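In what follows, a single structure is set out as structure tokens and then discussed.
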Amino acid sequence: MLQKTAETLAALAGSTDVAAMYSQAAAAMASVLRGDASLVLVAGDAMDSDTVSAVVQAAATWVNADVNAASLAQVMAGALTVQANQILAADGAQAITDTTTAQQGSSAIQAFVVNNETALQAAPSDTTANLASDLTGQVSGGGTVTPPPPPASGTVLLSFDEANPVFIDMGAYGGALPEVVEGPTGGSGSALKILKPAGQEPWGGVYFGLPSIPFAADRKVITARVYSTRANAVIKFKVEHSQAVATEVASAPVPANTWTTVSWDMTGVDLSKAYSTIAITPDQDVTASGQTYYIDEITLAAAAPVVAPPPPPVSTSCATSTEQCVSFSEANAGVNPFEGLVVGEVITDPAEATNKLLKMVKGPGSQPWAGATVYTSTATDGAKTLLTVPTVGLGTSKQVTLRAYSGAPVGTKVSLKLENALGAGFVFAEASTTKQNEWETLTFNFATPSAGSFNASVSYDMASLFPAWSEVAGTQPTLSADTTFYFDDLKYAVSGATPPPPPPVAVGNVLATFDEATPLAINEFGGAVAVIAAGPAGATGNTLKITRNGGEPWAGGWIGIPQVPSNAGTQVVSARFYSPTAGIPVFAKVEYDDNAGSGDVKANEAVVAGWQTLTFTFSSLNATKVYNRFVMLPNLGAQDTAKDYFFDDITVAASGGGSGGGTTPPVGGDPTAEMGSGGPQELPLAVSNDQHAFIFTGDGVFAGDYIGKLDANGNHAGWENASTNGIAKNGNIGYFQDALLSGASNQIVETGGNGWVTGNIDNPGGVGGFFRYFILRAPATTFADSYMGLYVNAPNNGTVDVSTYGNIKFKLWGPAEMYQNGNFSPTVQIILTGPKVAGCTATGSGGTEITKNLLANQKIGAGSSYTVSLAGWTVNGVCGDDTNATAVNTVLSKLARVVVNVPGSSFNFTNSAPGDATIYATGVNLGPIAFTK
């Protein structure tokens, strides 16, 4: 009684200090009971309501409540008495604990009083008497008060923005540190922050009390917005009535650094119990290392509405169909649900009494593959009952259509399984919904099955439907509430002969644009979600959007296509592709059956952020097979987090003209092009951060990646025509060295040195670069005047204006003995060069040069990056009309080449090679180059 009185008085005062209010209410009660010996709290085995009223009135007077004390006592006394009597009537320790927990967790009295504060400012009257009756009835479960229905969006339990906090007694376990703070960008005000410091228990979390959660038979799903600094975080959410009565559910994996709405299906709660404690445990099985989690807008989801569909248009009914059609109005039409389908039945159309529909309800408690077999006739085979439909003819057409209506989200998969009732074979196809709460026609294309394969000798006379299920991708996200699907008019061609496959498409023909009049059947697997959708800026019409968020490392999608030529040698298929990040591996396959075909083929080009055209070289195709599937595998080998990839305009681009071998992808270098000959070029700007936190959005990119000629090992590593690649491309790259290093000598272990290109196309997770090295023998004096180095031309072998930038940055490293030991750090020259001037011999490049020395003293290999100011350069030589006074400005406004030169004085003769003390490695690796403000 005192607790509820204190909470109510605190709420009326706008105070969060319930403890202080409790002390004053207790003092008031003591004063009242001492002053009037006739007042007793408990008479027999029940509370005395008059005494309760006197205590409430005294407490309100004591704290100067902004209401009439007598009116407040009149309204609250009956309800407080009911709650206290329920505790007194509890039998046994557990019952007393449960009842007390439930009553203490209830905010009904507090909320009622606050909502009627204005009426309570007047003296007691008929109005306050009626309010007292309403509140008492509400608390006791009777009376005339009918609470309003929950809003369609659900009931917010905690937003953490309440003026008076709703939660009570927040605590932590396992070393977690909770606090209510402003949430990260994208949130809405304050949120619950849970920090899990390094070294603490992995099972650390937070708990708190709150008013009883109003669970109902059709309302058992709790949602919250969640933000995690760790990818694929799993958040466990527990609701407790008591320690012995609780339900805990783990979330689906949550992506990193973005707000995500997460749901927990609390199907196991006991509706006869009051749940007033919440416990949240993020990443229970992950070592604590400083991860932070934010929880906001904890909500009890609204009940899913029951959707009554409108009648299907008469023009599409089976009555007017010339095809085989199951209307579900047949005399023996029926349905056999399985695996926990909530409802599977043939019903009278709620909107048209002359029509019949198939109704299926799938809920959180159903198996993911729950569905039903539909039939129009039955037969027996021994002890087995056969449920059949007229034989589905997939000979003249392999498309089956079905009218559908549901409240499920757009993009929900529906799978249709056709099989032989005696078990001779089966085949699956699937379709995605494109509408919500509207009738639409789903098309199942068995020419590109999602599982199984078509066999012309099999009689397909059995049909089963699986709503919200994909045989390819596995389980779809769990339905948060019972969801109703209505189906009508299952149509297909009559049985007939199988026509020959269509002829292969000609070279240059488009296989898929995703703007086809009849949408392509889309298939997904490994947890990816694939839909036809508008693409990002730069797209032409619709695209295939593949979303990867968790799932398998091999997740992707595939489509049925016209036959790719298999008897004309090597084939190259191109596709326009959009990636939000650069450097990922993209693979494709052409197949003639499930996992049967070309195998994984990597794109010939390195992936950039944004749109580009990728090509895939398919060699050694089997001329006896029909390759009519195109499989797309973006970022193969990685578990993505909330990434959208887009494919468009898939085309047979070219023929290799032979029976084996691959084609060389385009390499942008032009050995005949002089530096700067391409004329002024726009320095590309990075549109996103790279995967190594080196190039950032807005940086001017001189070279982001590199590519060489395809070598005998299948790598794009050769020096011939090697160039920059990606967002800044087609600038020649190469190496240089003095005559001594180029010749044969017993002091040079590998004549002429060695090295190659190591771009992202062959090493997607690494730093794109190229390198050169020598293995030398002492003495060092032999090479005192030698030099070696690398160069990179501006994009398209032109010039770029970097005069408005403040710094150049680049990644530079080399042999570990030379760059990573603490006892030696080479000094290298960084040279910036203007365009080549005919006849100029003042510099080695033939263009004006400016230079700076750099001590390469970082010791972290490819992680080493250096930033050099564009001020303070030394003129190395001038060409044309340049002078020492104008050279720096000329080069920065017309930069044609970046050079790294390693002089002989910096060759490594300090740290010998492992295992041989007589030889020493000297060299240099050059990675991305960019300019910053």
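The way I read the labels, and the way they are meant: chains A, B, ... in the order of the structure tokens, residue 1 as the first residue of every chain, and ligand 1 as the first ligand shown, with later ones counted on from there.
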
List as a Markdown table every residue of region 396-423 of chain A that is in contact with region 344-368 of chain A, defined as an atom at most 10 Å from one of its atoms (using only C-alpha atoms), together with the nearest atom pair and the distance in Å rounded to one decimal, sorted by chain and then rising number.
```
| residue | atom | partner | partner_atom | distance |
| --- | --- | --- | --- | --- |
| A:Arg403 | CA | A:Leu357 | CA | 9.9 |
| A:Ala404 | CA | A:Leu358 | CA | 9.5 |
| A:Tyr405 | CA | A:Lys359 | CA | 9.7 |
| A:Ser406 | CA | A:Met360 | CA | 9.7 |
```

Within 10 Å of Glu720 (chain A), counting only C-alpha atoms, which residues qualify if same-chain residues fewer than 4 places away don't, as a list of chain:residue names?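 Near neighbours after the sequence-gap exclusion: A:Val667, A:Gly669, A:Asp670, A:Pro671, A:Gly708, A:Lys709, A:Leu710, A:Asn732, A:Ile733, A:Gly734.
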
Interatomic distance (Å, one decimal) between CA of Ser377 (chain A) and CA of Ala333 (chain A): 6.9 Å

Check the DSSP output for the backbone and give back, as a PyMOL selection string, the residues of region 346-459 of chain A in strand (DSSP E). chain A and resi 346-348+356-362+371-375+377-381+384-388+399-406+413-419+426-432+440-445+451-452

Quick one: residues within 12 Å of Leu832 (chain A), only C-alpha atoms, excluding same-chain residues fewer than 4 positions away - as a ChimeraX atom specification? /A:675,791-794,799-800,802,808,843,845,847-853,868,870,873-878,887-901

Now that the selection is made, can you save its residues with N, CA and C atoms as a tab-separated table (two decimals), in the first residue's frame?
```
chain	number	residue	atom	x	y	z
A	675	MET	N	53.86	9.59	-70.16
A	675	MET	CA	53.18	10.14	-68.99
A	675	MET	C	52.67	11.54	-69.32
A	791	TYR	N	56.88	3.22	-60.31
A	791	TYR	CA	56.18	4.44	-60.72
A	791	TYR	C	54.72	4.13	-61.03
A	792	VAL	N	53.89	5.16	-60.89
A	792	VAL	CA	52.46	5.08	-61.19
A	792	VAL	C	52.07	6.32	-61.96
A	793	ASN	N	51.49	6.15	-63.13
A	793	ASN	CA	51.00	7.29	-63.91
A	793	ASN	C	49.60	7.69	-63.45
A	794	ALA	N	49.27	8.92	-63.72
A	794	ALA	CA	47.92	9.43	-63.41
A	794	ALA	C	46.88	8.66	-64.22
A	799	THR	N	47.06	13.96	-66.78
A	799	THR	CA	47.53	14.76	-65.65
A	799	THR	C	46.34	15.10	-64.76
A	800	VAL	N	46.60	15.28	-63.46
A	800	VAL	CA	45.56	15.67	-62.53
A	800	VAL	C	46.03	16.87	-61.72
A	802	VAL	N	46.34	18.55	-58.33
A	802	VAL	CA	46.27	18.28	-56.89
A	802	VAL	C	46.68	19.51	-56.09
A	808	ILE	N	49.79	14.25	-49.73
A	808	ILE	CA	49.74	12.99	-50.46
A	808	ILE	C	49.94	11.88	-49.45
A	843	THR	N	65.92	15.36	-66.37
A	843	THR	CA	65.46	14.40	-65.37
A	843	THR	C	65.36	13.03	-66.02
A	845	SER	N	62.83	11.06	-65.94
A	845	SER	CA	61.51	10.80	-66.52
A	845	SER	C	61.23	11.61	-67.75
A	847	GLY	N	60.30	14.79	-67.54
A	847	GLY	CA	59.37	15.82	-67.12
A	847	GLY	C	59.90	16.52	-65.89
A	848	THR	N	59.36	17.68	-65.58
A	848	THR	CA	59.79	18.40	-64.38
A	848	THR	C	59.52	17.54	-63.15
A	849	GLU	N	60.51	17.48	-62.24
A	849	GLU	CA	60.38	16.63	-61.06
A	849	GLU	C	60.60	17.44	-59.79
A	850	ILE	N	59.81	17.13	-58.76
A	850	ILE	CA	60.05	17.64	-57.42
A	850	ILE	C	60.15	16.46	-56.48
A	851	THR	N	60.90	16.58	-55.39
A	851	THR	CA	61.19	15.40	-54.58
A	851	THR	C	61.23	15.72	-53.09
A	852	LYS	N	60.99	14.69	-52.27
A	852	LYS	CA	61.17	14.72	-50.83
A	852	LYS	C	61.72	13.38	-50.40
A	853	ASN	N	62.52	13.39	-49.34
A	853	ASN	CA	62.99	12.14	-48.74
A	853	ASN	C	62.01	11.70	-47.66
A	868	VAL	N	52.46	12.76	-46.52
A	868	VAL	CA	53.51	13.74	-46.78
A	868	VAL	C	52.86	15.04	-47.23
A	870	LEU	N	52.23	18.53	-49.08
A	870	LEU	CA	52.54	19.00	-50.44
A	870	LEU	C	53.31	20.33	-50.41
A	873	TRP	N	58.70	21.03	-51.09
A	873	TRP	CA	59.36	20.08	-51.97
A	873	TRP	C	60.62	20.71	-52.59
A	874	THR	N	61.55	19.83	-52.94
A	874	THR	CA	62.80	20.27	-53.59
A	874	THR	C	62.70	19.98	-55.08
A	875	VAL	N	63.14	20.95	-55.89
A	875	VAL	CA	63.11	20.76	-57.34
A	875	VAL	C	64.26	19.84	-57.74
A	876	ASN	N	63.93	18.78	-58.44
A	876	ASN	CA	64.92	17.78	-58.85
A	876	ASN	C	65.42	18.04	-60.26
A	877	GLY	N	64.66	18.80	-61.03
A	877	GLY	CA	65.01	19.12	-62.41
A	877	GLY	C	63.81	19.70	-63.13
A	878	VAL	N	64.05	20.58	-64.12
A	878	VAL	CA	62.94	21.23	-64.83
A	878	VAL	C	63.02	20.93	-66.31
A	887	ALA	N	58.39	25.36	-60.76
A	887	ALA	CA	58.33	23.91	-60.89
A	887	ALA	C	57.31	23.26	-59.97
A	888	VAL	N	57.30	23.66	-58.68
A	888	VAL	CA	56.39	23.01	-57.74
A	888	VAL	C	54.95	23.23	-58.15
A	889	ASN	N	54.60	24.50	-58.46
A	889	ASN	CA	53.21	24.78	-58.85
A	889	ASN	C	52.83	24.05	-60.13
A	890	THR	N	53.76	23.97	-61.08
A	890	THR	CA	53.47	23.30	-62.34
A	890	THR	C	53.19	21.81	-62.12
A	891	VAL	N	54.04	21.17	-61.33
A	891	VAL	CA	53.87	19.73	-61.10
A	891	VAL	C	52.56	19.46	-60.36
A	892	LEU	N	52.26	20.26	-59.30
A	892	LEU	CA	51.05	19.99	-58.52
A	892	LEU	C	49.78	20.26	-59.33
A	893	SER	N	49.86	21.17	-60.30
A	893	SER	CA	48.66	21.45	-61.11
A	893	SER	C	48.56	20.51	-62.31
A	894	LYS	N	49.67	19.85	-62.67
A	894	LYS	CA	49.66	18.91	-63.80
A	894	LYS	C	50.46	17.66	-63.43
A	895	LEU	N	50.02	17.00	-62.36
A	895	LEU	CA	50.74	15.83	-61.89
A	895	LEU	C	50.51	14.66	-62.84
A	896	ALA	N	51.61	14.09	-63.37
A	896	ALA	CA	51.50	12.99	-64.32
A	896	ALA	C	51.99	11.67	-63.76
A	897	ARG	N	52.85	11.71	-62.72
A	897	ARG	CA	53.42	10.45	-62.24
A	897	ARG	C	53.85	10.62	-60.79
A	898	VAL	N	53.70	9.51	-60.02
A	898	VAL	CA	54.24	9.41	-58.67
A	898	VAL	C	55.30	8.31	-58.69
A	899	VAL	N	56.48	8.61	-58.12
A	899	VAL	CA	57.61	7.68	-58.17
A	899	VAL	C	58.13	7.44	-56.76
A	900	VAL	N	58.50	6.19	-56.48
A	900	VAL	CA	59.23	5.85	-55.27
A	900	VAL	C	60.59	5.32	-55.70
A	901	ASN	N	61.66	5.99	-55.25
A	901	ASN	CA	63.01	5.59	-55.63
A	901	ASN	C	63.78	5.17	-54.39
```

Residue neighbourhood region 226-242 of chain A, 6 Å, only C-alpha atoms, exclusion window fewer than 4 positions, as a PyMOL selection string: chain A and resi 246-251+253-260+274-275+277-283+291-295

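Each of A:Pro903, A:Gly806, A:Gly676, A:Gly560 was compared to Lys836 (chain A) using only C-alpha atoms, and A:Gly676 turns out to be the nearest.
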
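Considering the residues A:Ser786, A:Thr434, A:Gln110, A:Ser574 and counting only C-alpha atoms, Val531 (chain A) has its shortest atom-to-atom contact with A:Thr434.
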
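Straight-line separation from CA of Ile87 (chain A) to CA of Ala25 (chain A): 20.5 Å.
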
Would you kindly return, as a list of chain:residue names, each protein, DNA or RNA residue with an atom no farther than 10 Å from any atom of region 12-15 of chain A, considering only C-alpha atoms and excluding same-chain residues fewer than 5 positions away? A:Ala6, A:Glu7, A:Ala20, A:Met21, A:Val63, A:Asn64, A:Ala65, A:Asp66, A:Val67, A:Gln110, A:Ala111, A:Val113, A:Val114, A:Asn115, A:Glu117, A:Ala163, A:Asn164, A:Pro165

May I ask which of the residues A:Gly610, A:Gly861, A:Gly205, A:Gly371 is the closest one to Leu465 (chain A), counting only C-alpha atoms?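 Answer, going by the shortest atom-to-atom distance: A:Gly371.
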